[in-house]
file target_35.csv (CSV, C-alpha atoms)
chain,number,residue,atom,x,y,z
A,25,MET,CA,-47.2,-123.8,-29.5
A,26,ALA,CA,-43.6,-125.0,-30.2
A,27,ASP,CA,-44.9,-127.3,-33.0
A,28,ASP,CA,-45.9,-124.2,-35.0
A,29,LEU,CA,-42.7,-122.3,-34.7
A,30,PRO,CA,-40.4,-121.9,-37.8
A,31,LEU,CA,-37.1,-123.7,-37.4
A,32,PRO,CA,-34.3,-121.2,-37.7
A,33,LEU,CA,-31.9,-123.6,-39.5
A,34,ALA,CA,-34.4,-124.9,-42.0
A,35,GLY,CA,-32.8,-125.0,-45.4
A,36,ILE,CA,-29.3,-125.6,-44.0
A,37,ARG,CA,-27.7,-129.0,-45.0
A,38,VAL,CA,-25.0,-130.6,-42.9
A,39,LEU,CA,-22.7,-133.5,-43.7
A,40,GLU,CA,-21.6,-135.4,-40.6
A,41,LEU,CA,-18.3,-137.4,-40.9
A,42,GLY,CA,-18.2,-138.3,-37.2
A,43,ASN,CA,-18.3,-141.1,-34.7
A,44,TYR,CA,-18.7,-141.3,-31.0
A,45,ILE,CA,-20.0,-138.2,-29.2
A,46,ALA,CA,-18.4,-134.8,-30.1
A,47,ALA,CA,-19.2,-134.3,-33.8
A,48,PRO,CA,-22.5,-136.1,-33.5
A,49,THR,CA,-23.5,-133.8,-30.7
A,50,ALA,CA,-22.8,-130.8,-32.8
A,51,ALA,CA,-24.8,-132.2,-35.7
A,52,ARG,CA,-27.6,-133.1,-33.4
A,53,LEU,CA,-27.9,-129.5,-32.2
A,54,LEU,CA,-28.1,-128.3,-35.7
A,55,ALA,CA,-30.7,-130.9,-36.6
A,56,ASP,CA,-32.7,-129.9,-33.5
A,57,PHE,CA,-33.3,-126.5,-35.0
A,58,GLY,CA,-34.2,-127.6,-38.5
A,59,ALA,CA,-30.9,-128.4,-40.4
A,60,GLU,CA,-31.0,-131.4,-42.7
A,61,VAL,CA,-28.2,-133.6,-41.3
A,62,ILE,CA,-26.7,-136.5,-43.4
A,63,LYS,CA,-24.7,-138.8,-41.2
A,64,VAL,CA,-22.1,-140.9,-43.1
A,65,GLU,CA,-21.4,-144.2,-41.5
A,66,ARG,CA,-19.1,-147.1,-42.3
A,67,PRO,CA,-20.5,-150.3,-43.8
A,68,HIS,CA,-21.7,-153.1,-41.5
A,69,THR,CA,-21.0,-151.6,-38.1
A,70,GLY,CA,-21.7,-147.9,-38.6
A,71,ASP,CA,-20.9,-145.5,-35.8
A,72,GLU,CA,-19.4,-147.4,-32.8
A,73,LEU,CA,-21.8,-145.6,-30.6
A,74,ARG,CA,-24.5,-147.9,-31.8
A,75,ASN,CA,-23.0,-150.6,-29.5
A,76,TRP,CA,-22.1,-148.4,-26.5
A,77,ARG,CA,-24.4,-149.2,-23.5
A,78,LEU,CA,-26.3,-151.6,-25.7
A,79,TYR,CA,-28.4,-153.6,-23.2
A,80,ALA,CA,-30.5,-155.4,-25.8
A,81,GLY,CA,-31.4,-155.1,-29.5
A,82,THR,CA,-29.1,-153.8,-32.2
A,83,THR,CA,-28.8,-150.1,-31.6
A,84,SER,CA,-28.2,-148.4,-28.2
A,85,MET,CA,-30.4,-145.7,-26.8
A,86,LEU,CA,-27.3,-143.6,-26.6
A,87,PHE,CA,-27.0,-143.6,-30.4
A,88,ARG,CA,-30.7,-143.0,-30.8
A,89,THR,CA,-30.4,-140.0,-28.5
A,90,LEU,CA,-27.3,-138.3,-29.9
A,91,ASN,CA,-28.3,-138.9,-33.5
A,92,ARG,CA,-31.9,-137.7,-33.5
A,93,GLY,CA,-33.2,-135.9,-36.5
A,94,LYS,CA,-30.5,-137.2,-38.8
A,95,LYS,CA,-30.3,-139.3,-42.0
A,96,SER,CA,-28.0,-142.3,-42.0
A,97,VAL,CA,-26.0,-143.0,-45.2
A,98,VAL,CA,-23.6,-145.9,-45.6
A,99,ILE,CA,-20.4,-144.9,-47.5
A,100,ASN,CA,-17.0,-146.5,-47.4
A,101,LEU,CA,-14.5,-143.7,-46.9
A,102,ARG,CA,-11.6,-146.2,-47.5
A,103,THR,CA,-12.5,-146.5,-51.2
A,104,ASP,CA,-11.9,-144.1,-54.0
A,105,ALA,CA,-15.6,-144.3,-55.0
A,106,GLY,CA,-16.7,-143.6,-51.5
A,107,ARG,CA,-14.5,-140.6,-51.2
A,108,ARG,CA,-15.8,-139.3,-54.5
A,109,ASP,CA,-19.3,-139.7,-53.2
A,110,VAL,CA,-18.5,-137.7,-50.1
A,111,LEU,CA,-17.0,-134.8,-52.1
A,112,ASP,CA,-20.2,-134.9,-54.3
A,113,LEU,CA,-22.2,-134.5,-51.0
A,114,VAL,CA,-19.9,-131.7,-49.8
A,115,ALA,CA,-20.8,-129.9,-53.0
A,116,VAL,CA,-24.4,-129.7,-52.0
A,117,CYS,CA,-24.0,-129.1,-48.2
A,118,ASP,CA,-23.5,-125.9,-46.2
A,119,VAL,CA,-21.6,-127.4,-43.3
A,120,VAL,CA,-19.3,-130.4,-42.8
A,121,LEU,CA,-18.6,-131.7,-39.3
A,122,GLU,CA,-15.8,-134.2,-38.5
A,123,ASN,CA,-13.9,-135.6,-35.5
A,124,PHE,CA,-11.3,-137.8,-37.1
A,125,ARG,CA,-7.7,-137.7,-35.9
A,126,PRO,CA,-6.0,-134.7,-37.5
A,127,GLY,CA,-4.5,-135.6,-40.9
A,128,THR,CA,-6.9,-138.5,-41.5
A,129,LEU,CA,-9.2,-136.6,-44.0
A,130,GLU,CA,-6.2,-135.1,-45.7
A,131,ARG,CA,-4.7,-138.6,-46.3
A,132,TRP,CA,-8.0,-139.6,-47.8
A,133,GLY,CA,-8.1,-136.6,-50.2
A,134,LEU,CA,-10.9,-135.1,-48.2
A,135,GLY,CA,-9.1,-132.2,-46.6
A,136,PRO,CA,-10.2,-128.6,-46.4
A,137,GLU,CA,-8.7,-127.7,-49.8
A,138,GLU,CA,-10.4,-130.5,-51.6
A,139,MET,CA,-13.7,-129.6,-49.9
A,140,ASN,CA,-13.3,-126.0,-50.8
A,141,ALA,CA,-12.6,-126.8,-54.4
A,142,VAL,CA,-16.0,-128.4,-54.8
A,143,ASN,CA,-17.8,-125.9,-52.6
A,144,PRO,CA,-16.1,-122.6,-52.0
A,145,GLU,CA,-18.9,-121.6,-49.5
A,146,VAL,CA,-18.7,-124.7,-47.3
A,147,VAL,CA,-18.2,-124.4,-43.5
A,148,LEU,CA,-15.9,-127.0,-42.0
A,149,ALA,CA,-16.1,-127.7,-38.3
A,150,ARG,CA,-13.4,-130.0,-37.0
A,151,ILE,CA,-13.2,-131.5,-33.5
A,152,SER,CA,-10.1,-133.3,-32.3
A,153,ALA,CA,-8.4,-134.1,-29.0
A,154,PHE,CA,-5.8,-131.2,-29.1
A,155,GLY,CA,-6.7,-129.2,-32.2
A,156,GLN,CA,-5.4,-129.2,-35.7
A,157,THR,CA,-2.1,-127.4,-34.9
A,158,GLY,CA,0.5,-127.5,-32.1
A,159,PRO,CA,2.9,-130.2,-30.8
A,160,LEU,CA,0.0,-132.4,-29.6
A,161,ALA,CA,-2.1,-132.1,-32.7
A,162,SER,CA,-1.4,-135.6,-34.0
A,163,ARG,CA,-2.0,-137.3,-30.6
A,164,PRO,CA,-5.2,-139.4,-30.3
A,165,GLY,CA,-7.4,-138.8,-27.3
A,166,PHE,CA,-10.9,-139.2,-26.0
A,167,ALA,CA,-12.8,-136.9,-23.7
A,168,ALA,CA,-11.4,-138.6,-20.6
A,169,VAL,CA,-7.9,-137.5,-21.5
A,170,ALA,CA,-9.1,-134.0,-22.6
A,171,GLU,CA,-11.0,-133.5,-19.3
A,172,ALA,CA,-7.8,-134.2,-17.4
A,173,HIS,CA,-5.6,-132.1,-19.7
A,174,GLY,CA,-8.1,-129.2,-19.5
A,175,GLY,CA,-8.0,-129.1,-15.7
A,176,LEU,CA,-11.5,-130.5,-14.9
A,177,ARG,CA,-10.5,-133.9,-13.6
A,178,GLU,CA,-8.3,-132.4,-10.9
A,179,LEU,CA,-11.4,-130.6,-9.4
A,180,VAL,CA,-13.9,-133.5,-9.4
A,181,GLY,CA,-14.2,-135.7,-6.3
A,182,ASP,CA,-13.2,-135.5,-2.6
A,183,PRO,CA,-9.9,-134.1,-1.6
A,184,ASP,CA,-8.7,-137.2,0.2
A,185,ARG,CA,-9.2,-139.5,-2.9
A,186,PRO,CA,-7.9,-139.7,-6.4
A,187,PRO,CA,-9.6,-137.5,-9.0
A,188,SER,CA,-13.0,-138.7,-10.2
A,189,ARG,CA,-15.0,-138.1,-13.3
A,190,THR,CA,-18.5,-136.9,-14.1
A,191,GLY,CA,-20.9,-139.7,-15.1
A,192,VAL,CA,-21.2,-138.4,-18.7
A,193,SER,CA,-18.7,-137.5,-21.5
A,194,ILE,CA,-18.9,-133.9,-20.6
A,195,GLY,CA,-15.8,-132.9,-22.6
A,196,ASP,CA,-17.2,-134.3,-25.8
A,197,SER,CA,-20.5,-132.6,-25.2
A,198,ILE,CA,-18.9,-129.2,-24.5
A,199,ALA,CA,-16.8,-129.5,-27.7
A,200,GLY,CA,-19.9,-130.4,-29.7
A,201,LEU,CA,-21.6,-127.2,-28.4
A,202,TYR,CA,-18.6,-125.1,-29.5
A,203,ALA,CA,-18.5,-126.8,-32.9
A,204,ALA,CA,-22.3,-126.1,-33.4
A,205,PHE,CA,-21.9,-122.5,-32.3
A,206,GLY,CA,-18.8,-122.0,-34.5
A,207,ALA,CA,-20.7,-123.4,-37.5
A,208,VAL,CA,-23.6,-121.1,-36.9
A,209,THR,CA,-21.4,-118.1,-36.5
A,210,ALA,CA,-19.6,-119.0,-39.8
A,211,LEU,CA,-22.9,-119.4,-41.5
A,212,LEU,CA,-24.0,-116.0,-40.3
A,213,GLN,CA,-20.8,-114.4,-41.5
A,214,ARG,CA,-21.3,-116.1,-44.9
A,215,GLU,CA,-24.9,-114.8,-45.0
A,216,ARG,CA,-23.7,-111.2,-44.4
A,217,THR,CA,-20.9,-111.3,-47.0
A,218,ARG,CA,-21.0,-111.4,-50.8
A,219,PRO,CA,-20.6,-115.0,-52.2
A,220,GLY,CA,-17.0,-116.3,-52.2
A,221,ALA,CA,-15.7,-113.4,-50.0
A,222,VAL,CA,-15.2,-115.4,-46.8
A,223,PRO,CA,-11.8,-117.1,-46.9
A,224,LEU,CA,-11.4,-120.8,-46.1
A,225,ARG,CA,-9.6,-120.1,-42.9
A,226,ALA,CA,-12.6,-118.1,-41.6
A,227,ARG,CA,-14.9,-121.0,-42.5
A,228,SER,CA,-12.7,-123.6,-40.8
A,229,ILE,CA,-13.8,-124.2,-37.2
A,230,ASP,CA,-11.1,-125.8,-35.1
A,231,VAL,CA,-12.4,-127.2,-31.8
A,232,ALA,CA,-10.0,-129.0,-29.4
A,233,LEU,CA,-11.5,-131.1,-26.7
A,234,ASN,CA,-9.0,-130.0,-24.1
A,235,GLU,CA,-9.5,-126.3,-24.9
A,236,ALA,CA,-13.3,-126.7,-24.8
A,237,VAL,CA,-12.9,-128.1,-21.3
A,238,LEU,CA,-10.4,-125.4,-20.3
A,239,SER,CA,-12.8,-122.7,-21.4
A,240,MET,CA,-15.3,-123.9,-18.8
A,241,MET,CA,-12.8,-123.7,-15.9
A,242,GLU,CA,-13.9,-120.2,-14.9
A,243,SER,CA,-11.0,-118.3,-13.2
A,244,LEU,CA,-8.7,-121.4,-12.7
A,245,ILE,CA,-5.8,-119.9,-14.7
A,246,PRO,CA,-6.0,-116.2,-13.7
A,247,ASP,CA,-6.4,-117.2,-10.0
A,248,TYR,CA,-3.2,-119.1,-10.3
A,249,LEU,CA,-1.2,-116.4,-12.2
A,250,ALA,CA,-2.5,-113.5,-10.1
A,251,TYR,CA,-2.4,-115.1,-6.6
A,252,GLY,CA,-0.6,-118.4,-6.9
A,253,VAL,CA,-3.8,-120.2,-6.0
A,254,GLU,CA,-4.0,-123.8,-7.2
A,255,ARG,CA,-7.6,-125.1,-6.8
A,256,ARG,CA,-8.1,-128.6,-5.5
A,257,ARG,CA,-11.0,-131.0,-5.2
A,258,THR,CA,-13.7,-129.9,-2.6
A,259,GLY,CA,-16.2,-132.7,-2.9
A,260,GLY,CA,-19.8,-131.4,-3.0
A,261,ARG,CA,-18.7,-127.9,-2.5
A,262,THR,CA,-17.4,-125.3,-5.0
A,263,GLU,CA,-14.2,-123.5,-4.2
A,264,GLY,CA,-14.7,-120.2,-2.4
A,265,ILE,CA,-18.5,-120.5,-2.2
A,266,ALA,CA,-20.3,-121.2,1.0
A,267,PRO,CA,-22.7,-122.7,2.0
A,268,SER,CA,-23.4,-124.8,-1.0
A,269,ASN,CA,-23.4,-128.5,-0.6
A,270,ALA,CA,-25.5,-131.7,-0.5
A,271,TYR,CA,-26.9,-132.8,2.9
A,272,VAL,CA,-28.3,-136.2,4.0
A,273,CYS,CA,-31.8,-136.2,5.4
A,274,ALA,CA,-33.4,-138.5,8.0
A,275,ASP,CA,-34.8,-140.9,5.3
A,276,GLY,CA,-31.4,-141.4,3.7
A,277,LEU,CA,-32.2,-139.1,0.8
A,278,SER,CA,-30.2,-136.0,0.1
A,279,VAL,CA,-30.9,-132.4,-0.8
A,280,VAL,CA,-28.7,-129.9,-2.5
A,281,VAL,CA,-28.9,-126.4,-1.0
A,282,ALA,CA,-27.3,-123.2,-2.4
A,283,GLY,CA,-27.6,-120.6,0.4
A,284,ASN,CA,-24.4,-118.8,-0.5
A,285,SER,CA,-25.7,-115.3,-1.4
A,286,ASP,CA,-25.4,-112.7,1.3
A,287,ALA,CA,-29.1,-112.0,1.3
A,288,ILE,CA,-30.2,-115.6,1.5
A,289,PHE,CA,-27.7,-116.7,4.2
A,290,GLY,CA,-29.4,-114.9,7.1
A,291,ARG,CA,-32.8,-116.4,6.5
A,292,TYR,CA,-31.2,-119.8,5.8
A,293,MET,CA,-29.5,-119.8,9.2
A,294,ARG,CA,-32.7,-118.6,10.9
A,295,LEU,CA,-34.6,-121.4,9.3
A,296,ILE,CA,-32.3,-124.0,10.8
A,297,GLY,CA,-32.5,-122.4,14.2
A,298,ARG,CA,-29.0,-120.8,14.1
A,299,THR,CA,-29.6,-117.2,14.7
A,300,ASP,CA,-26.1,-116.9,16.1
A,301,LEU,CA,-24.7,-117.7,12.7
A,302,ALA,CA,-27.3,-115.4,11.0
A,303,ASP,CA,-26.3,-112.5,13.1
A,304,ASP,CA,-22.5,-113.1,13.1
A,305,ALA,CA,-20.9,-110.1,11.3
A,306,ASN,CA,-18.0,-112.3,10.3
A,307,LEU,CA,-20.3,-114.4,8.2
A,308,ALA,CA,-22.0,-111.5,6.4
A,309,THR,CA,-19.9,-112.0,3.3
A,310,ASN,CA,-18.9,-115.1,1.3
A,311,ALA,CA,-15.2,-114.9,2.2
A,312,GLY,CA,-16.0,-115.2,5.9
A,313,ARG,CA,-18.4,-118.0,5.3
A,314,TRP,CA,-15.9,-119.9,3.3
A,315,ALA,CA,-13.3,-119.6,6.1
A,316,ARG,CA,-15.9,-121.3,8.4
A,317,ARG,CA,-17.4,-123.6,5.9
A,318,ASP,CA,-17.0,-126.7,8.0
A,319,GLU,CA,-18.8,-125.1,11.0
A,320,ILE,CA,-21.7,-124.0,8.8
A,321,ASP,CA,-22.0,-127.3,7.0
A,322,ASP,CA,-22.1,-129.2,10.3
A,323,ALA,CA,-25.0,-127.0,11.4
A,324,ILE,CA,-26.9,-127.5,8.2
A,325,GLY,CA,-26.2,-131.2,8.2
A,326,ALA,CA,-27.5,-131.6,11.8
A,327,TRP,CA,-30.8,-129.8,10.8
A,328,ALA,CA,-31.2,-131.9,7.6
A,329,ALA,CA,-30.6,-135.2,9.5
A,330,GLU,CA,-33.7,-134.5,11.6
A,331,ARG,CA,-36.1,-134.2,8.7
A,332,THR,CA,-37.1,-136.2,5.7
A,333,ARG,CA,-36.1,-134.9,2.3
A,334,ASP,CA,-39.6,-133.7,1.4
A,335,GLU,CA,-40.0,-131.9,4.7
A,336,ALA,CA,-36.6,-130.2,4.4
A,337,LEU,CA,-37.4,-129.1,0.8
A,338,ARG,CA,-40.8,-127.8,1.8
A,339,LEU,CA,-39.3,-125.6,4.6
A,340,LEU,CA,-36.4,-124.4,2.4
A,341,ASP,CA,-38.9,-123.5,-0.3
A,342,GLU,CA,-41.0,-121.5,2.1
A,343,ALA,CA,-37.9,-119.6,3.2
A,344,GLU,CA,-37.0,-119.0,-0.4
A,345,VAL,CA,-33.7,-120.8,0.0
A,346,PRO,CA,-32.6,-122.4,-3.4
A,347,ALA,CA,-32.7,-126.2,-2.9
A,348,GLY,CA,-33.7,-129.3,-4.7
A,349,PRO,CA,-33.6,-133.1,-4.7
A,350,ILE,CA,-30.9,-135.2,-6.3
A,351,HIS,CA,-32.8,-136.7,-9.2
A,352,THR,CA,-32.4,-140.1,-10.6
A,353,ALA,CA,-33.6,-141.1,-14.1
A,354,ARG,CA,-36.8,-142.4,-12.4
A,355,ASP,CA,-37.3,-139.0,-10.7
A,356,ILE,CA,-36.8,-137.1,-13.9
A,357,CYS,CA,-39.3,-139.2,-15.8
A,358,ALA,CA,-41.9,-138.3,-13.2
A,359,ASP,CA,-41.0,-134.6,-12.8
A,360,GLU,CA,-43.9,-132.2,-13.4
A,361,GLN,CA,-41.6,-129.4,-14.5
A,362,TYR,CA,-39.9,-131.5,-17.2
A,363,ALA,CA,-43.3,-132.7,-18.4
A,364,ALA,CA,-44.8,-129.2,-18.5
A,365,ARG,CA,-42.0,-128.1,-20.9
A,366,HIS,CA,-42.1,-131.2,-23.0
A,367,MET,CA,-38.6,-132.2,-22.0
A,368,ILE,CA,-39.3,-135.9,-22.2
A,369,GLN,CA,-40.7,-136.9,-25.6
A,370,HIS,CA,-41.8,-140.4,-26.5
A,371,PHE,CA,-41.2,-142.6,-29.5
A,372,GLU,CA,-41.8,-146.2,-30.5
A,373,VAL,CA,-38.4,-147.9,-30.7
A,374,ASP,CA,-36.9,-151.3,-31.0
A,375,THR,CA,-35.5,-152.3,-27.7
A,376,GLY,CA,-34.7,-155.9,-28.5
A,377,ALA,CA,-38.1,-157.1,-27.2
A,378,PRO,CA,-40.6,-158.9,-29.4
A,379,GLU,CA,-42.6,-155.7,-29.9
A,380,PRO,CA,-41.5,-152.1,-30.2
A,381,ALA,CA,-41.7,-150.2,-26.9
A,382,THR,CA,-42.6,-146.6,-26.1
A,383,VAL,CA,-39.4,-144.9,-24.8
A,384,GLY,CA,-38.9,-141.3,-23.6
A,385,PHE,CA,-36.0,-139.2,-24.9
A,386,PRO,CA,-34.7,-135.8,-23.8
A,387,GLY,CA,-36.3,-132.7,-25.4
A,388,ILE,CA,-34.6,-129.9,-27.2
A,389,VAL,CA,-32.7,-127.1,-25.5
A,390,PRO,CA,-33.0,-124.1,-25.6
A,391,VAL,CA,-36.7,-123.7,-25.6
A,392,LEU,CA,-38.3,-121.5,-28.3
A,393,GLY,CA,-41.7,-120.3,-27.0
A,394,GLU,CA,-43.0,-122.1,-24.0
A,395,ARG,CA,-41.8,-125.6,-24.3
A,396,SER,CA,-39.3,-127.8,-26.2
A,397,LEU,CA,-39.6,-128.0,-29.9
A,398,PRO,CA,-40.7,-131.5,-31.0
A,399,VAL,CA,-37.9,-134.0,-31.7
A,400,ARG,CA,-38.5,-134.9,-35.3
A,401,SER,CA,-37.0,-138.4,-35.1
A,402,ILE,CA,-34.7,-140.5,-33.0
A,403,GLY,CA,-31.4,-141.8,-34.3
A,404,PRO,CA,-32.0,-143.8,-37.5
A,405,ASP,CA,-31.1,-147.4,-38.3
A,406,LEU,CA,-27.9,-147.9,-40.1
A,407,GLY,CA,-28.1,-146.9,-43.8
A,408,ALA,CA,-31.8,-146.1,-43.5
A,409,HIS,CA,-31.5,-143.1,-45.9
A,410,THR,CA,-28.8,-144.3,-48.2
A,411,ASP,CA,-31.0,-144.8,-51.3
A,412,GLU,CA,-32.9,-141.5,-50.6
A,413,VAL,CA,-29.8,-139.4,-50.3
A,414,TYR,CA,-28.1,-140.8,-53.4
A,415,ARG,CA,-31.3,-140.4,-55.4
A,416,ASP,CA,-32.4,-137.0,-54.3
A,417,LEU,CA,-29.0,-135.3,-53.8
A,418,LEU,CA,-26.6,-137.1,-56.1
A,419,GLY,CA,-29.1,-138.0,-58.8
A,420,ARG,CA,-28.0,-141.6,-59.1
A,421,PRO,CA,-28.7,-144.9,-57.4
A,422,ALA,CA,-26.7,-146.0,-54.4
A,423,PRO,CA,-23.9,-148.4,-55.0
A,424,THR,CA,-24.8,-152.0,-55.0
A,425,PRO,CA,-23.0,-153.9,-52.2
A,426,ASP,CA,-20.6,-156.6,-53.3
A,427,ARG,CA,-20.7,-160.1,-52.0
A,428,ASN,CA,-18.9,-158.9,-48.8
A,429,GLY,CA,-21.5,-156.2,-48.3
A,430,GLN,CA,-19.1,-153.4,-49.3
A,431,PRO,CA,-20.7,-150.6,-51.3

call {"tool": "encode", "arguments": {"input": "target_35.csv", "output": "structure tokens"}}
result
Amino acid sequence: MADDLPLPLAGIRVLELGNYIAAPTAARLLADFGAEVIKVERPHTGDELRNWRLYAGTTSMLFRTLNRGKKSVVINLRTDAGRRDVLDLVAVCDVVLENFRPGTLERWGLGPEEMNAVNPEVVLARISAFGQTGPLASRPGFAAVAEAHGGLRELVGDPDRPPSRTGVSIGDSIAGLYAAFGAVTALLQRERTRPGAVPLRARSIDVALNEAVLSMMESLIPDYLAYGVERRRTGGRTEGIAPSNAYVCADGLSVVVAGNSDAIFGRYMRLIGRTDLADDANLATNAGRWARRDEIDDAIGAWAAERTRDEALRLLDEAEVPAGPIHTARDICADEQYAARHMIQHFEVDTGAPEPATVGFPGIVPVLGERSLPVRSIGPDLGAHTDEVYRDLLGRPAPTPDRNGQP
């Protein structure tokens, strides 16, 4: 069972100096697999994500989700005492994650050199809009800007409309994945090398949001440089791949069907009663199908329009054509596959109602064993672990807040 598996990052301690999504996502991934993550938050308000999509109560489900498995410590980084406390924590941590604007930590006396001075083994993972170097390094930017700069926004949406955006902060999440991966690779290198032998530059992970997005753009750049091809928005399709699209069924619901492999295409067309397309030699390869994508999509659309979504999916499944429904949150919560792999896990949480409610949260990916590891805890209340961390790691009591609530 997943509950019995050893956690591969147990014994690793991480200090998170991050707000919003990118650095907290990286820290969440490390926490998922056993790392002790100490999240430093500003007094009073904490991470601004606590108020994003806050429908009721005092802490959003977005914060609870992205900060699961962590300890919240309130420290004022704008004070000398707070910065000294952070360096004391750096001294007892393996990894530091941050996503401040480049130069901010250096101005506060918390730059790489200062961290390295108190802990010559520490791994520092930094996430910013455009990286720590280059002409745009000092420019602020959120994922929306990075997604546009990295080429993604130009490809999302329909060709006759302005560029759209995915419904989540995908650029931040990709950057968080890279930061977590970079931190683990640096830890692995440190583990394989004698103490103090890994230079600071090799322990400094520099993740730029725009570069993280660019890295996911497949052959966008070589296609342009090799052939002069500039990809454009294609709606529900993917450039150069056919047939692969969403189709509206008789009940108004849609199915996504990916029948674009050469082997699948023939039986797909026979299923929809179009043996002429199945036997057409010009459609035997993807290039030919892409050239006639509108004709093929019209045929599939006509077939789907005569069947309910469930009927269409049943027939496609019987023909072994990859297809699926377009899930909403309601659908996901009722999905047997997610349930079987423990991908929705439930916790008692304050939702702003008079009594705590049981709320489901996403499980841990990737799976070790047969189902998700158990989520240890959801995102904590602000400062819930301040006293514990000061006592256990720094060997002193937490600062007493002044009359203005400042520690």

call {"tool": "residues_around", "arguments": {"input": "target_35.csv", "residues": "segment 31-37 of chain A", "least_positions_apart": "5", "cutoff": "6 Å", "atoms": "all atoms listed in the file", "output": "list in words"}}
result
Phe57, Gly58, Ala59, Glu60, Val61, Cys117 and Asp118 of chain A

call {"tool": "write_last_selection", "arguments": {"input": "target_35.csv", "atoms": "C-alpha atoms", "output": "PDB file, in the coordinates of the input"}}
result
ATOM      1  CA  PHE A  57     -33.300-126.500 -35.000  1.00  0.00           C
ATOM      2  CA  GLY A  58     -34.200-127.600 -38.500  1.00  0.00           C
ATOM      3  CA  ALA A  59     -30.900-128.400 -40.400  1.00  0.00           C
ATOM      4  CA  GLU A  60     -31.000-131.400 -42.700  1.00  0.00           C
ATOM      5  CA  VAL A  61     -28.200-133.600 -41.300  1.00  0.00           C
ATOM      6  CA  CYS A 117     -24.000-129.100 -48.200  1.00  0.00           C
ATOM      7  CA  ASP A 118     -23.500-125.900 -46.200  1.00  0.00           C
TER       8      ASP A 118
END

call {"tool": "residues_around", "arguments": {"input": "target_35.csv", "residues": "segment 307-323 of chain A", "least_positions_apart": "4", "cutoff": "9 Å", "atoms": "all atoms listed in the file", "output": "JSON, numbers by chain"}}
result
{"A": [263, 264, 265, 266, 267, 268, 269, 271, 284, 285, 286, 287, 289, 290, 293, 296, 298, 301, 302, 303, 327, 328]}

call {"tool": "residues_around", "arguments": {"input": "target_35.csv", "residues": "Arg338 of chain A", "least_positions_apart": "5", "cutoff": "10 Å", "atoms": "only C-alpha atoms", "output": "list in words"}}
result
Thr332, Arg333, Ala343, Glu344, Ala347 and Gly348 of chain A

call {"tool": "atom_distance", "arguments": {"input": "target_35.csv", "atom1": "atom CA of Arg256 of chain A", "atom2": "atom CA of His173 of chain A"}}
result
14.8 Å

call {"tool": "residues_around", "arguments": {"input": "target_35.csv", "residues": "Val142 of chain A", "least_positions_apart": "6", "cutoff": "9 Å", "atoms": "only C-alpha atoms", "output": "MDAnalysis selection string"}}
result
chainID A and resid 111:112 114:116

call {"tool": "atom_distance", "arguments": {"input": "target_35.csv", "atom1": "atom CA of Ser162 of chain A", "atom2": "atom CA of Pro48 of chain A"}}
result
21.1 Å

call {"tool": "closest_residue", "arguments": {"input": "target_35.csv", "among": "A:Ala422, A:Ala221, A:Ala199, A:Met85", "to": "Gly106 of chain A", "atoms": "all atoms listed in the file"}}
result
A:Ala422

call {"tool": "atom_distance", "arguments": {"input": "target_35.csv", "atom1": "atom CA of Ala203 of chain A", "atom2": "atom CA of Leu53 of chain A"}}
result
9.8 Å

call {"tool": "closest_residue", "arguments": {"input": "target_35.csv", "among": "A:Gly259, A:Pro159, A:Pro423, A:Pro67", "to": "Asp184 of chain A", "atoms": "only C-alpha atoms"}}
result
A:Gly259

call {"tool": "closest_atom_pairs", "arguments": {"input": "target_35.csv", "of": "segment 222-305 of chain A", "to": "segment 351-355 of chain A", "cutoff": "12 Å", "atoms": "all atoms listed in the file", "output": "JSON lines"}}
result
{"residue": "A:Leu277", "atom": "CA", "partner": "A:His351", "partner_atom": "CA", "distance": 10.3}
{"residue": "A:Ser278", "atom": "CA", "partner": "A:His351", "partner_atom": "CA", "distance": 9.7}
{"residue": "A:Val279", "atom": "CA", "partner": "A:His351", "partner_atom": "CA", "distance": 9.6}
{"residue": "A:Val280", "atom": "CA", "partner": "A:His351", "partner_atom": "CA", "distance": 10.4}

call {"tool": "residues_around", "arguments": {"input": "target_35.csv", "residues": "Thr69 of chain A", "least_positions_apart": "3", "cutoff": "12 Å", "atoms": "all atoms listed in the file", "output": "list in words"}}
result
Asn43, Val64, Glu65, Arg66, Glu72, Leu73, Arg74, Asn75, Thr82, Thr83, Val98, Ile99, Asn100, Asp405, Leu406, Gly407, Gly429 and Gln430 of chain A

call {"tool": "closest_residue", "arguments": {"input": "target_35.csv", "among": "A:Pro421, A:Gly155, A:Gly93, A:Pro404", "to": "Thr49 of chain A", "atoms": "all atoms listed in the file"}}
result
A:Gly93

call {"tool": "residues_near_point", "arguments": {"input": "target_35.csv", "point": "(-40.5, -142.7, -24.2)", "cutoff": "8 Å", "atoms": "only C-alpha atoms", "output": "PDB file with C-alpha atoms, keeping the file's coordinate frame"}}
result
ATOM      1  CA  ILE A 368     -39.300-135.900 -22.200  1.00  0.00           C
ATOM      2  CA  GLN A 369     -40.700-136.900 -25.600  1.00  0.00           C
ATOM      3  CA  HIS A 370     -41.800-140.400 -26.500  1.00  0.00           C
ATOM      4  CA  PHE A 371     -41.200-142.600 -29.500  1.00  0.00           C
ATOM      5  CA  GLU A 372     -41.800-146.200 -30.500  1.00  0.00           C
ATOM      6  CA  THR A 382     -42.600-146.600 -26.100  1.00  0.00           C
ATOM      7  CA  VAL A 383     -39.400-144.900 -24.800  1.00  0.00           C
ATOM      8  CA  GLY A 384     -38.900-141.300 -23.600  1.00  0.00           C
ATOM      9  CA  PHE A 385     -36.000-139.200 -24.900  1.00  0.00           C
TER      10      PHE A 385
END
